[in-house]
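Structure file entry-v6.cif; described as mmCIF, C-alpha atoms.
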```
data_model
#
loop_
_atom_site.label_atom_id
_atom_site.label_comp_id
_atom_site.auth_asym_id
_atom_site.auth_seq_id
_atom_site.Cartn_x
_atom_site.Cartn_y
_atom_site.Cartn_z
CA ILE A 1 59.19 -6.00 109.10
CA SER A 2 59.93 -4.19 112.33
CA ARG A 3 63.37 -3.48 113.78
CA ARG A 4 62.49 -5.55 116.85
CA PHE A 5 61.66 -8.60 114.72
CA VAL A 6 64.96 -8.42 112.84
CA GLU A 7 66.99 -7.80 116.00
CA THR A 8 65.31 -10.77 117.70
CA HIS A 9 65.84 -13.28 114.90
CA LEU A 10 68.84 -12.02 112.91
CA GLY A 11 70.74 -10.03 115.53
CA GLY A 12 73.38 -11.28 117.95
CA ARG A 13 76.24 -13.68 117.40
CA GLY A 14 76.09 -17.41 117.00
CA LEU A 15 74.93 -19.87 114.38
CA LEU A 16 71.17 -19.54 114.87
CA PRO A 17 70.74 -16.01 113.40
CA VAL A 18 72.80 -17.03 110.36
CA VAL A 19 70.68 -20.16 109.85
CA LYS A 20 67.48 -18.14 110.19
CA ALA A 21 68.71 -15.60 107.63
CA SER A 22 69.51 -18.38 105.15
CA ILE A 23 66.14 -20.07 105.67
CA PHE A 24 64.45 -16.70 105.28
CA GLY A 25 66.29 -16.01 102.03
CA VAL A 26 65.98 -19.32 100.13
CA PRO A 27 62.27 -19.08 99.11
CA LEU A 28 62.26 -15.33 98.39
CA PRO A 29 62.09 -14.46 94.67
CA LEU A 30 64.77 -11.74 94.70
CA CYS A 31 67.53 -11.48 92.09
CA SER A 32 71.14 -10.52 92.77
CA CYS A 33 70.35 -6.82 92.27
CA SER A 34 67.01 -6.48 94.05
CA VAL A 35 68.38 -8.40 97.05
CA ILE A 36 70.88 -5.60 97.73
CA PRO A 37 68.45 -2.96 99.06
CA VAL A 38 66.54 -5.62 101.01
CA SER A 39 69.69 -6.90 102.70
CA MET A 40 70.87 -3.37 103.49
CA SER A 41 67.46 -2.69 105.03
CA LEU A 42 67.85 -5.79 107.20
CA ARG A 43 71.26 -4.50 108.24
CA ARG A 44 69.77 -1.12 109.21
CA HIS A 45 67.08 -2.94 111.18
CA GLY A 46 69.71 -4.69 113.30
CA ALA A 47 70.87 -7.82 111.45
CA THR A 48 74.52 -8.74 112.04
CA LYS A 49 77.11 -8.79 109.26
CA GLY A 50 77.01 -12.59 109.28
CA SER A 51 73.22 -12.70 108.97
CA THR A 52 73.28 -10.08 106.24
CA ILE A 53 75.83 -12.05 104.20
CA SER A 54 73.89 -15.27 104.82
CA PHE A 55 70.80 -13.61 103.38
CA LEU A 56 72.79 -12.14 100.47
CA LEU A 57 74.24 -15.54 99.59
CA SER A 58 71.13 -17.71 99.86
CA THR A 59 68.45 -15.43 98.42
CA PRO A 60 69.49 -14.72 94.79
CA GLN A 61 70.57 -18.30 94.06
CA THR A 62 67.02 -19.59 94.13
CA GLY A 63 63.43 -18.79 95.02
CA MET A 64 60.02 -20.38 94.71
CA ASP A 65 59.74 -19.19 91.12
CA SER A 66 63.13 -20.56 90.03
CA ILE A 67 62.58 -23.84 91.89
CA PHE A 68 59.50 -24.59 89.78
CA VAL A 69 61.25 -23.54 86.57
CA THR A 70 64.28 -25.68 87.51
CA PHE A 71 62.01 -28.66 88.16
CA SER A 72 60.29 -28.30 84.78
CA LEU A 73 63.47 -27.85 82.70
CA LEU A 74 66.17 -29.73 84.62
CA GLY A 75 64.26 -32.23 86.73
CA PRO A 76 63.82 -33.00 90.45
CA VAL A 77 67.51 -33.58 91.23
CA PHE A 78 68.44 -30.03 90.27
CA ALA A 79 65.24 -28.65 91.84
CA VAL A 80 66.15 -30.13 95.24
CA PHE A 81 69.93 -29.75 95.03
CA ARG A 82 69.77 -26.05 94.17
CA PRO A 83 67.91 -24.72 97.27
CA VAL A 84 69.84 -27.06 99.55
CA ILE A 85 73.17 -25.68 98.30
CA ALA A 86 71.81 -22.13 98.54
CA PHE A 87 70.99 -22.72 102.21
CA VAL A 88 74.37 -24.32 102.91
CA THR A 89 76.19 -21.46 101.16
CA GLY A 90 74.39 -18.88 103.26
CA VAL A 91 75.15 -20.66 106.53
CA ILE A 92 78.84 -21.19 105.71
CA GLY A 93 79.39 -17.67 104.39
CA GLY A 94 77.61 -16.01 107.30
CA SER A 95 79.49 -18.15 109.82
CA LEU A 96 82.84 -17.27 108.23
CA VAL A 97 81.99 -13.56 108.38
CA ASP A 98 81.06 -13.81 112.06
CA ALA A 99 84.27 -15.73 112.76
CA PHE A 100 86.82 -13.71 110.80
CA ALA A 101 85.36 -10.28 109.95
CA HIS A 102 84.83 -8.69 113.33
CA GLY A 103 86.22 -5.22 112.72
CA SER A 104 85.29 -2.26 114.85
CA ALA A 105 81.71 -1.75 115.90
CA GLU A 106 79.99 0.49 113.42
CA PRO A 107 76.79 2.48 113.94
CA LEU A 108 73.81 1.26 111.99
CA PRO A 109 72.74 3.57 109.15
CA PRO A 110 69.47 5.38 109.90
CA LEU A 111 66.24 3.90 108.67
CA GLN A 112 64.66 5.53 105.65
CA GLU A 113 61.31 7.25 106.09
CA TYR A 114 59.44 4.63 104.06
CA GLU A 115 60.86 1.86 106.28
CA ILE A 116 59.66 3.61 109.44
CA ALA A 117 56.23 4.11 107.90
CA ALA A 118 56.03 0.48 106.77
CA ALA A 119 56.64 -0.76 110.32
CA HIS A 120 53.45 1.02 111.50
CA GLU A 121 51.35 0.23 108.44
CA LYS A 122 48.15 -1.73 108.93
CA PHE A 123 48.31 -5.43 108.17
CA VAL A 124 45.76 -5.24 105.36
CA HIS A 125 47.88 -2.61 103.59
CA ARG A 126 51.04 -4.72 103.99
CA LEU A 127 49.16 -7.74 102.66
CA GLY A 128 47.97 -5.74 99.67
CA ARG A 129 51.50 -4.56 98.87
CA GLY A 130 52.78 -8.12 99.20
CA LEU A 131 50.14 -9.50 96.82
CA ARG A 132 50.84 -6.71 94.36
CA TYR A 133 54.55 -7.58 94.45
CA GLY A 134 53.90 -11.28 93.91
CA PHE A 135 51.40 -10.99 91.07
CA VAL A 136 52.35 -7.71 89.38
CA THR A 137 55.85 -6.49 90.21
CA LEU A 138 57.65 -9.86 90.22
CA PRO A 139 56.30 -11.10 86.86
CA ARG A 140 57.12 -7.71 85.35
CA ASP A 141 60.65 -7.78 86.76
CA ILE A 142 61.60 -11.32 85.70
CA GLY A 143 59.62 -11.48 82.45
CA ARG A 144 62.20 -9.71 80.29
CA ALA A 145 65.11 -11.64 81.84
CA VAL A 146 63.35 -14.99 81.30
CA LEU A 147 62.57 -14.07 77.68
CA ILE A 148 66.22 -13.14 77.05
CA GLY A 149 67.29 -16.42 78.66
CA LEU A 150 64.96 -18.35 76.37
CA PHE A 151 66.34 -16.58 73.29
CA ILE A 152 69.92 -17.37 74.35
CA ALA A 153 68.94 -20.98 74.99
CA ALA A 154 67.28 -21.18 71.56
CA PHE A 155 70.40 -19.75 69.91
CA ILE A 156 72.64 -22.28 71.67
CA SER A 157 70.32 -25.15 70.72
CA ALA A 158 70.12 -24.10 67.08
CA PHE A 159 73.67 -23.02 66.26
CA VAL A 160 76.07 -24.66 68.75
CA PRO A 161 77.23 -28.12 67.58
CA ASP A 162 76.47 -31.18 69.65
CA ASN A 163 79.11 -31.96 72.30
CA PHE A 164 80.65 -28.51 71.73
CA PHE A 165 81.21 -27.85 75.43
CA ALA A 166 82.50 -31.35 76.09
CA ASP A 167 85.00 -31.03 73.23
CA LYS A 168 86.16 -27.50 74.11
CA LEU A 169 86.01 -27.52 77.92
CA GLY A 170 86.13 -31.19 78.80
CA THR A 171 84.20 -32.72 81.66
CA GLY A 172 86.37 -31.97 84.68
CA VAL A 173 87.19 -29.11 87.01
CA PHE A 174 88.44 -26.89 84.18
CA ALA A 175 84.93 -26.58 82.74
CA MET A 176 83.63 -25.63 86.18
CA PHE A 177 86.28 -22.92 86.57
CA VAL A 178 85.32 -21.48 83.18
CA MET A 179 81.64 -21.43 84.17
CA MET A 180 82.56 -19.86 87.52
CA LEU A 181 84.61 -17.09 85.89
CA THR A 182 81.75 -16.53 83.46
CA GLY A 183 79.05 -16.42 86.11
CA ILE A 184 80.58 -14.35 88.93
CA PRO A 185 80.88 -10.92 87.23
CA VAL A 186 77.72 -11.02 85.09
CA TYR A 187 74.12 -10.36 86.03
CA VAL A 188 71.65 -13.18 85.42
CA CYS A 189 68.63 -13.94 87.59
CA ALA A 190 68.01 -17.39 89.08
CA THR A 191 65.04 -18.10 86.83
CA ALA A 192 66.47 -16.80 83.55
CA SER A 193 69.68 -18.81 84.00
CA VAL A 194 67.81 -22.15 83.92
CA PRO A 195 67.02 -22.39 80.19
CA VAL A 196 70.57 -21.27 79.37
CA ALA A 197 72.02 -24.01 81.57
CA ALA A 198 69.64 -26.57 80.09
CA ALA A 199 70.72 -25.67 76.54
CA MET A 200 74.42 -25.89 77.45
CA MET A 201 73.86 -29.33 78.98
CA LEU A 202 72.23 -30.49 75.77
CA LYS A 203 75.42 -29.43 73.97
CA GLY A 204 77.72 -31.46 76.20
CA LEU A 205 78.24 -29.43 79.38
CA THR A 206 78.26 -31.64 82.48
CA PRO A 207 75.53 -31.19 85.12
CA GLY A 208 78.17 -30.07 87.62
CA ALA A 209 79.57 -27.35 85.36
CA ALA A 210 76.04 -26.21 84.52
CA PHE A 211 75.25 -25.98 88.23
CA VAL A 212 78.35 -23.83 88.79
CA PHE A 213 76.89 -21.35 86.30
CA LEU A 214 73.43 -21.64 87.89
CA MET A 215 74.96 -20.78 91.27
CA THR A 216 77.58 -18.13 90.52
CA GLY A 217 75.54 -16.22 87.92
CA PRO A 218 72.62 -15.34 90.21
CA ALA A 219 74.62 -15.35 93.48
CA THR A 220 76.79 -12.35 92.69
CA ASN A 221 77.66 -9.64 90.22
CA ALA A 222 79.78 -6.51 90.13
CA ALA A 223 77.09 -4.40 91.83
CA THR A 224 76.73 -6.83 94.72
CA ILE A 225 80.48 -7.06 95.28
CA PHE A 226 80.87 -3.28 95.25
CA THR A 227 78.00 -2.76 97.70
CA ILE A 228 79.32 -5.35 100.15
CA TRP A 229 82.83 -3.86 99.91
CA LYS A 230 81.54 -0.35 100.59
CA VAL A 231 78.95 -1.07 103.30
CA LEU A 232 80.30 -4.13 105.12
CA GLY A 233 84.03 -3.90 104.43
CA ARG A 234 86.78 -5.49 102.35
CA SER A 235 87.18 -8.61 104.45
CA VAL A 236 83.46 -9.38 104.23
CA ALA A 237 83.51 -8.93 100.45
CA LEU A 238 86.49 -11.28 100.10
CA ILE A 239 84.83 -13.92 102.30
CA TYR A 240 81.67 -13.55 100.22
CA LEU A 241 83.53 -14.17 96.94
CA ALA A 242 85.58 -17.03 98.35
CA THR A 243 82.46 -18.72 99.69
CA VAL A 244 80.63 -18.49 96.36
CA ALA A 245 83.63 -19.73 94.36
CA GLY A 246 84.60 -22.55 96.71
CA ILE A 247 81.13 -23.98 97.28
CA ALA A 248 80.27 -23.67 93.58
CA ILE A 249 83.21 -25.89 92.58
CA LEU A 250 82.61 -28.40 95.37
CA SER A 251 78.89 -28.54 94.58
CA GLY A 252 79.62 -29.08 90.89
CA LEU A 253 81.95 -31.97 91.67
CA LEU A 254 79.37 -33.48 94.04
CA LEU A 255 76.58 -33.20 91.48
CA ASP A 256 78.67 -34.82 88.73
CA PHE A 257 79.53 -37.62 91.15
CA MET A 258 75.84 -38.12 91.95
CA PHE A 259 74.88 -38.34 88.27
CA GLU A 260 77.76 -40.68 87.40
CA SER A 261 77.45 -42.97 90.41
CA VAL A 262 73.78 -43.81 89.90
CA ASN A 263 73.69 -43.31 86.12
CA LEU A 264 71.03 -40.62 86.27
CA PRO A 265 69.81 -39.19 82.97
CA MET A 266 70.51 -35.51 82.45
CA ASN A 267 66.95 -34.33 83.22
CA SER A 268 66.31 -36.64 86.19
#
```
Now that the file is in, can you turn its structure into structure tokens?
Amino acid sequence: ISRRFVETHLGGRGLLPVVKASIFGVPLPLCSCSVIPVSMSLRRHGATKGSTISFLLSTPQTGMDSIFVTFSLLGPVFAVFRPVIAFVTGVIGGSLVDAFAHGSAEPLPPLQEYEIAAAHEKFVHRLGRGLRYGFVTLPRDIGRAVLIGLFIAAFISAFVPDNFFADKLGTGVFAMFVMMLTGIPVYVCATASVPVAAAMMLKGLTPGAAFVFLMTGPATNAATIFTIWKVLGRSVALIYLATVAGIAILSGLLLDFMFESVNLPMNS
């Protein structure tokens, strides 16, 4: 992707670049660690801080791979709700950064040699690298994480008593706060988190609390927070964390309300 393309679509102030960055990020199958170098590359290519944060927020929460896995294990409600909230989170977080984290103008870091070369690479070569990523690199990257997630889900299903989470955490906001505090610092990819959430729901966790884990786990981790703090500044990092935490709780409450109001089964 050329510098001119990024500057045209993700550069400049206003809501439109932030919306474009969020739309761009939702379908991409990047986890909360692999999204860091991609977002920093967008920043070097001319994306604003707001657009960069919008991309950082929306991308790791979901992707085409995790949408299909979510649909198969948790049903269509989760499969639709998850990318919608990822998009909304990106737009709100990016807008808040543009509004409150101005700071002094900082020079863009120089492009790396491979990024300059990629901009002038022939289309057929770019297409080949893209297909290799989709069919070789991506399955290799997420395969181990998904397998670990399945083992954790199997352990929860086999050894955790029924209604354990409902008895210990309850069904209200407290359970969501526990899931949020569990999910924010740890690393778990959007796809691997699905079987874990499904197993916890079978043991009594509410859909809203499970969604809080599904959102906060992939959306951020210690590495992401440190990178944002170092590259984009303290105020941007704080806005990033506040956006993830606030929208996660509100989304969990909304999802529980949706399930209770229309009496949806857990895997609807």
>> Could you check the closest approach to Phe151 in chain A for each of A:Leu241, A:Ala192, A:Val186, A:Ala175 and tell me which residue wins, using all atoms listed in the file?
In response: A:Ala192
> What does the distance from CA of Ser39 in chain A to CA of Phe55 in chain A come to in Å, to one decimal?
Replying inline: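 CA of Phe55 in chain A lies at a distance of 6.8 Å from CA of Ser39 in chain A.
For range 58-74 of chain A, the residues within 6 Å (counting only C-alpha atoms, excluding itself and residues fewer than 2 positions away along the chain) are Ser22, Gly25, Val26, Pro27, Leu28, Pro29, Leu30, Cys31, Ser32, Phe55, Leu56, Pro76, Ala79, Ala86, Phe87, Gly90, Ala190, Thr191, Met215, Pro218, Ala219 and Asn267 of chain A.
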> Could you state the separation of CA of Ile239 in chain A and CA of Leu169 in chain A in Å, given to one decimal place?
Replying inline: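 Interatomic distance here is 27.9 Å.
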> Could you pull the residues within 7 Å of Phe213 in chain A, counting all atoms listed in the file, minus those fewer than 6 positions along the same chain, as a list in words?
Replying inline: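 Those residues are Met179, Met180 and Gly183 of chain A.
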>> Report as a ChimeraX atom specification all protein, DNA and RNA residues lying within 12 Å of Ala158 in chain A, evaluated on all atoms listed in the file, omitting residues in the same chain fewer than 3 positions from it.
In response: /A:151-155,161-162,199-200,202-203
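Of note, CA of Val231 in chain A and CA of Ile92 in chain A are spaced 20.3 Å apart.
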> Quick one: which residues end up in the PyMOL selection byres ((chain A and resi 244) around 9) for this structure, as a VMD selection string?
Replying inline: chain A and resid 57 89 93 184 215 to 216 219 to 220 239 to 243 245 to 249
Saved selection, atoms kept: C-alpha atoms, as an mmCIF file, keeping the file's coordinate frame:
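Below you can see result.cif, which holds the result:
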```cif
data_model
loop_
_atom_site.group_PDB
_atom_site.id
_atom_site.type_symbol
_atom_site.label_atom_id
_atom_site.label_comp_id
_atom_site.auth_asym_id
_atom_site.auth_seq_id
_atom_site.Cartn_x
_atom_site.Cartn_y
_atom_site.Cartn_z
ATOM 1 C CA LEU A 57 74.240 -15.540 99.590
ATOM 2 C CA THR A 89 76.190 -21.460 101.160
ATOM 3 C CA GLY A 93 79.390 -17.670 104.390
ATOM 4 C CA ILE A 184 80.580 -14.350 88.930
ATOM 5 C CA MET A 215 74.960 -20.780 91.270
ATOM 6 C CA THR A 216 77.580 -18.130 90.520
ATOM 7 C CA ALA A 219 74.620 -15.350 93.480
ATOM 8 C CA THR A 220 76.790 -12.350 92.690
ATOM 9 C CA ILE A 239 84.830 -13.920 102.300
ATOM 10 C CA TYR A 240 81.670 -13.550 100.220
ATOM 11 C CA LEU A 241 83.530 -14.170 96.940
ATOM 12 C CA ALA A 242 85.580 -17.030 98.350
ATOM 13 C CA THR A 243 82.460 -18.720 99.690
ATOM 14 C CA ALA A 245 83.630 -19.730 94.360
ATOM 15 C CA GLY A 246 84.600 -22.550 96.710
ATOM 16 C CA ILE A 247 81.130 -23.980 97.280
ATOM 17 C CA ALA A 248 80.270 -23.670 93.580
ATOM 18 C CA ILE A 249 83.210 -25.890 92.580
#
```
Using the chain letters and numbers from this file, what does the PyMOL selection byres ((chain A and resi 45-51) around 6) select? Give the answer as a PDB file with C-alpha atoms, in the coordinates of the input.
```
ATOM      1  CA  ARG A   3      63.370  -3.480 113.780  1.00  0.00           C
ATOM      2  CA  GLU A   7      66.990  -7.800 116.000  1.00  0.00           C
ATOM      3  CA  LEU A  10      68.840 -12.020 112.910  1.00  0.00           C
ATOM      4  CA  GLY A  11      70.740 -10.030 115.530  1.00  0.00           C
ATOM      5  CA  VAL A  18      72.800 -17.030 110.360  1.00  0.00           C
ATOM      6  CA  ALA A  21      68.710 -15.600 107.630  1.00  0.00           C
ATOM      7  CA  LEU A  42      67.850  -5.790 107.200  1.00  0.00           C
ATOM      8  CA  ARG A  43      71.260  -4.500 108.240  1.00  0.00           C
ATOM      9  CA  ARG A  44      69.770  -1.120 109.210  1.00  0.00           C
ATOM     10  CA  THR A  52      73.280 -10.080 106.240  1.00  0.00           C
ATOM     11  CA  ILE A  53      75.830 -12.050 104.200  1.00  0.00           C
ATOM     12  CA  SER A  54      73.890 -15.270 104.820  1.00  0.00           C
ATOM     13  CA  GLY A  94      77.610 -16.010 107.300  1.00  0.00           C
ATOM     14  CA  VAL A  97      81.990 -13.560 108.380  1.00  0.00           C
ATOM     15  CA  ASP A  98      81.060 -13.810 112.060  1.00  0.00           C
TER      16      ASP A  98
END
```
> Using all atoms listed in the file, which residues sit within 7 Å of Gly204 in chain A once same-chain residues fewer than 6 positions away are excluded, as a count of residues only?
Replying inline: 5
>> Restricting the calculation to all atoms listed in the file: of A:Arg140, A:Arg234, A:Phe259, A:Thr227, which residue gets closest to Ile36 in chain A?
In response: A:Thr227
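Among the candidate residues A:Phe100, A:Phe78, A:Phe177, A:Phe24, the one lying nearest to Val194 in chain A is A:Phe78, with distances computed using only C-alpha atoms.
Across A:Val91, A:Leu250, A:Val212, A:Ile85, the tightest approach to Leu16 in chain A is made by A:Val91 when counting only C-alpha atoms.
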> In terms of the shortest atom-to-atom distance over all atoms listed in the file, which of A:Thr182, A:Ser251, A:Ser34, A:Ser193 is closest to Arg82 in chain A?
Replying inline: A:Ser251
> Which is closest to Val160 in chain A among A:Met201, A:Met258, A:Gly14, A:Leu96, if we use all atoms listed in the file?
Replying inline: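 Residue with the minimum atom-to-atom distance to Val160 in chain A: A:Met201.
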Edge lengths and centre, in Å to one decimal, as JSON: that's what I need for the box along x, y and z that holds all listed atoms of range 247-250 of chain A plus 8 Å on each side.
```
{"center_x": 81.7, "center_y": -26.0, "center_z": 94.9, "size_x": 18.9, "size_y": 20.7, "size_z": 20.7}
```
Can you complete the atoms of range 235-266 of chain A to N, CA and C atoms and list them as a PDB file, in the frame of the given file?
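Written output follows (selection-v8.pdb):
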```pdb
ATOM      1  N   SER A 235      87.053  -7.222 104.029  1.00  0.00           N
ATOM      2  CA  SER A 235      87.180  -8.610 104.450  1.00  0.00           C
ATOM      3  C   SER A 235      85.882  -9.379 104.239  1.00  0.00           C
ATOM      4  N   VAL A 236      84.752  -8.721 104.463  1.00  0.00           N
ATOM      5  CA  VAL A 236      83.460  -9.380 104.230  1.00  0.00           C
ATOM      6  C   VAL A 236      83.270  -9.673 102.756  1.00  0.00           C
ATOM      7  N   ALA A 237      83.642  -8.731 101.894  1.00  0.00           N
ATOM      8  CA  ALA A 237      83.510  -8.930 100.450  1.00  0.00           C
ATOM      9  C   ALA A 237      84.377 -10.094  99.977  1.00  0.00           C
ATOM     10  N   LEU A 238      85.603 -10.192 100.495  1.00  0.00           N
ATOM     11  CA  LEU A 238      86.490 -11.280 100.100  1.00  0.00           C
ATOM     12  C   LEU A 238      85.959 -12.631 100.572  1.00  0.00           C
ATOM     13  N   ILE A 239      85.426 -12.681 101.797  1.00  0.00           N
ATOM     14  CA  ILE A 239      84.830 -13.920 102.300  1.00  0.00           C
ATOM     15  C   ILE A 239      83.632 -14.302 101.445  1.00  0.00           C
ATOM     16  N   TYR A 240      82.838 -13.318 101.072  1.00  0.00           N
ATOM     17  CA  TYR A 240      81.670 -13.550 100.220  1.00  0.00           C
ATOM     18  C   TYR A 240      82.079 -14.202  98.898  1.00  0.00           C
ATOM     19  N   LEU A 241      83.073 -13.629  98.228  1.00  0.00           N
ATOM     20  CA  LEU A 241      83.530 -14.170  96.940  1.00  0.00           C
ATOM     21  C   LEU A 241      84.125 -15.563  97.103  1.00  0.00           C
ATOM     22  N   ALA A 242      84.950 -15.735  98.130  1.00  0.00           N
ATOM     23  CA  ALA A 242      85.580 -17.030  98.350  1.00  0.00           C
ATOM     24  C   ALA A 242      84.544 -18.115  98.634  1.00  0.00           C
ATOM     25  N   THR A 243      83.508 -17.760  99.381  1.00  0.00           N
ATOM     26  CA  THR A 243      82.460 -18.720  99.690  1.00  0.00           C
ATOM     27  C   THR A 243      81.717 -19.146  98.426  1.00  0.00           C
ATOM     28  N   VAL A 244      81.339 -18.170  97.607  1.00  0.00           N
ATOM     29  CA  VAL A 244      80.630 -18.490  96.360  1.00  0.00           C
ATOM     30  C   VAL A 244      81.491 -19.369  95.459  1.00  0.00           C
ATOM     31  N   ALA A 245      82.760 -18.980  95.259  1.00  0.00           N
ATOM     32  CA  ALA A 245      83.630 -19.730  94.360  1.00  0.00           C
ATOM     33  C   ALA A 245      83.904 -21.132  94.875  1.00  0.00           C
ATOM     34  N   GLY A 246      84.246 -21.245  96.146  1.00  0.00           N
ATOM     35  CA  GLY A 246      84.600 -22.550  96.710  1.00  0.00           C
ATOM     36  C   GLY A 246      83.432 -23.519  96.719  1.00  0.00           C
ATOM     37  N   ILE A 247      82.280 -23.071  97.190  1.00  0.00           N
ATOM     38  CA  ILE A 247      81.130 -23.980  97.280  1.00  0.00           C
ATOM     39  C   ILE A 247      80.605 -24.307  95.890  1.00  0.00           C
ATOM     40  N   ALA A 248      80.719 -23.379  94.948  1.00  0.00           N
ATOM     41  CA  ALA A 248      80.270 -23.670  93.580  1.00  0.00           C
ATOM     42  C   ALA A 248      81.061 -24.835  92.995  1.00  0.00           C
ATOM     43  N   ILE A 249      82.385 -24.806  93.121  1.00  0.00           N
ATOM     44  CA  ILE A 249      83.210 -25.890  92.580  1.00  0.00           C
ATOM     45  C   ILE A 249      82.925 -27.204  93.296  1.00  0.00           C
ATOM     46  N   LEU A 250      82.879 -27.169  94.617  1.00  0.00           N
ATOM     47  CA  LEU A 250      82.610 -28.400  95.370  1.00  0.00           C
ATOM     48  C   LEU A 250      81.230 -28.958  95.047  1.00  0.00           C
ATOM     49  N   SER A 251      80.244 -28.089  94.900  1.00  0.00           N
ATOM     50  CA  SER A 251      78.890 -28.540  94.580  1.00  0.00           C
ATOM     51  C   SER A 251      78.844 -29.144  93.181  1.00  0.00           C
ATOM     52  N   GLY A 252      79.567 -28.528  92.230  1.00  0.00           N
ATOM     53  CA  GLY A 252      79.620 -29.080  90.890  1.00  0.00           C
ATOM     54  C   GLY A 252      80.226 -30.470  90.868  1.00  0.00           C
ATOM     55  N   LEU A 253      81.318 -30.649  91.595  1.00  0.00           N
ATOM     56  CA  LEU A 253      81.950 -31.970  91.670  1.00  0.00           C
ATOM     57  C   LEU A 253      81.007 -32.993  92.309  1.00  0.00           C
ATOM     58  N   LEU A 254      80.302 -32.574  93.371  1.00  0.00           N
ATOM     59  CA  LEU A 254      79.370 -33.480  94.040  1.00  0.00           C
ATOM     60  C   LEU A 254      78.226 -33.862  93.114  1.00  0.00           C
ATOM     61  N   LEU A 255      77.699 -32.903  92.368  1.00  0.00           N
ATOM     62  CA  LEU A 255      76.580 -33.200  91.480  1.00  0.00           C
ATOM     63  C   LEU A 255      77.001 -34.135  90.352  1.00  0.00           C
ATOM     64  N   ASP A 256      78.167 -33.906  89.766  1.00  0.00           N
ATOM     65  CA  ASP A 256      78.670 -34.820  88.730  1.00  0.00           C
ATOM     66  C   ASP A 256      78.844 -36.230  89.292  1.00  0.00           C
ATOM     67  N   PHE A 257      79.367 -36.314  90.514  1.00  0.00           N
ATOM     68  CA  PHE A 257      79.530 -37.620  91.150  1.00  0.00           C
ATOM     69  C   PHE A 257      78.190 -38.307  91.338  1.00  0.00           C
ATOM     70  N   MET A 258      77.172 -37.542  91.756  1.00  0.00           N
ATOM     71  CA  MET A 258      75.840 -38.120  91.950  1.00  0.00           C
ATOM     72  C   MET A 258      75.286 -38.660  90.638  1.00  0.00           C
ATOM     73  N   PHE A 259      75.416 -37.889  89.567  1.00  0.00           N
ATOM     74  CA  PHE A 259      74.880 -38.340  88.270  1.00  0.00           C
ATOM     75  C   PHE A 259      75.639 -39.551  87.758  1.00  0.00           C
ATOM     76  N   GLU A 260      76.962 -39.565  87.918  1.00  0.00           N
ATOM     77  CA  GLU A 260      77.760 -40.680  87.400  1.00  0.00           C
ATOM     78  C   GLU A 260      77.596 -41.942  88.226  1.00  0.00           C
ATOM     79  N   SER A 261      77.479 -41.796  89.549  1.00  0.00           N
ATOM     80  CA  SER A 261      77.450 -42.970  90.410  1.00  0.00           C
ATOM     81  C   SER A 261      76.173 -43.765  90.289  1.00  0.00           C
ATOM     82  N   VAL A 262      75.054 -43.083  90.011  1.00  0.00           N
ATOM     83  CA  VAL A 262      73.780 -43.810  89.900  1.00  0.00           C
ATOM     84  C   VAL A 262      73.238 -43.782  88.478  1.00  0.00           C
ATOM     85  N   ASN A 263      74.061 -43.318  87.533  1.00  0.00           N
ATOM     86  CA  ASN A 263      73.690 -43.310  86.120  1.00  0.00           C
ATOM     87  C   ASN A 263      72.376 -42.583  85.858  1.00  0.00           C
ATOM     88  N   LEU A 264      72.243 -41.409  86.473  1.00  0.00           N
ATOM     89  CA  LEU A 264      71.030 -40.620  86.270  1.00  0.00           C
ATOM     90  C   LEU A 264      71.035 -40.008  84.883  1.00  0.00           C
ATOM     91  N   PRO A 265      69.884 -39.963  84.197  1.00  0.00           N
ATOM     92  CA  PRO A 265      69.810 -39.190  82.970  1.00  0.00           C
ATOM     93  C   PRO A 265      69.899 -37.711  83.267  1.00  0.00           C
ATOM     94  N   MET A 266      70.230 -36.926  82.254  1.00  0.00           N
ATOM     95  CA  MET A 266      70.510 -35.510  82.450  1.00  0.00           C
ATOM     96  C   MET A 266      69.354 -34.757  83.068  1.00  0.00           C
TER      97      MET A 266
END
```
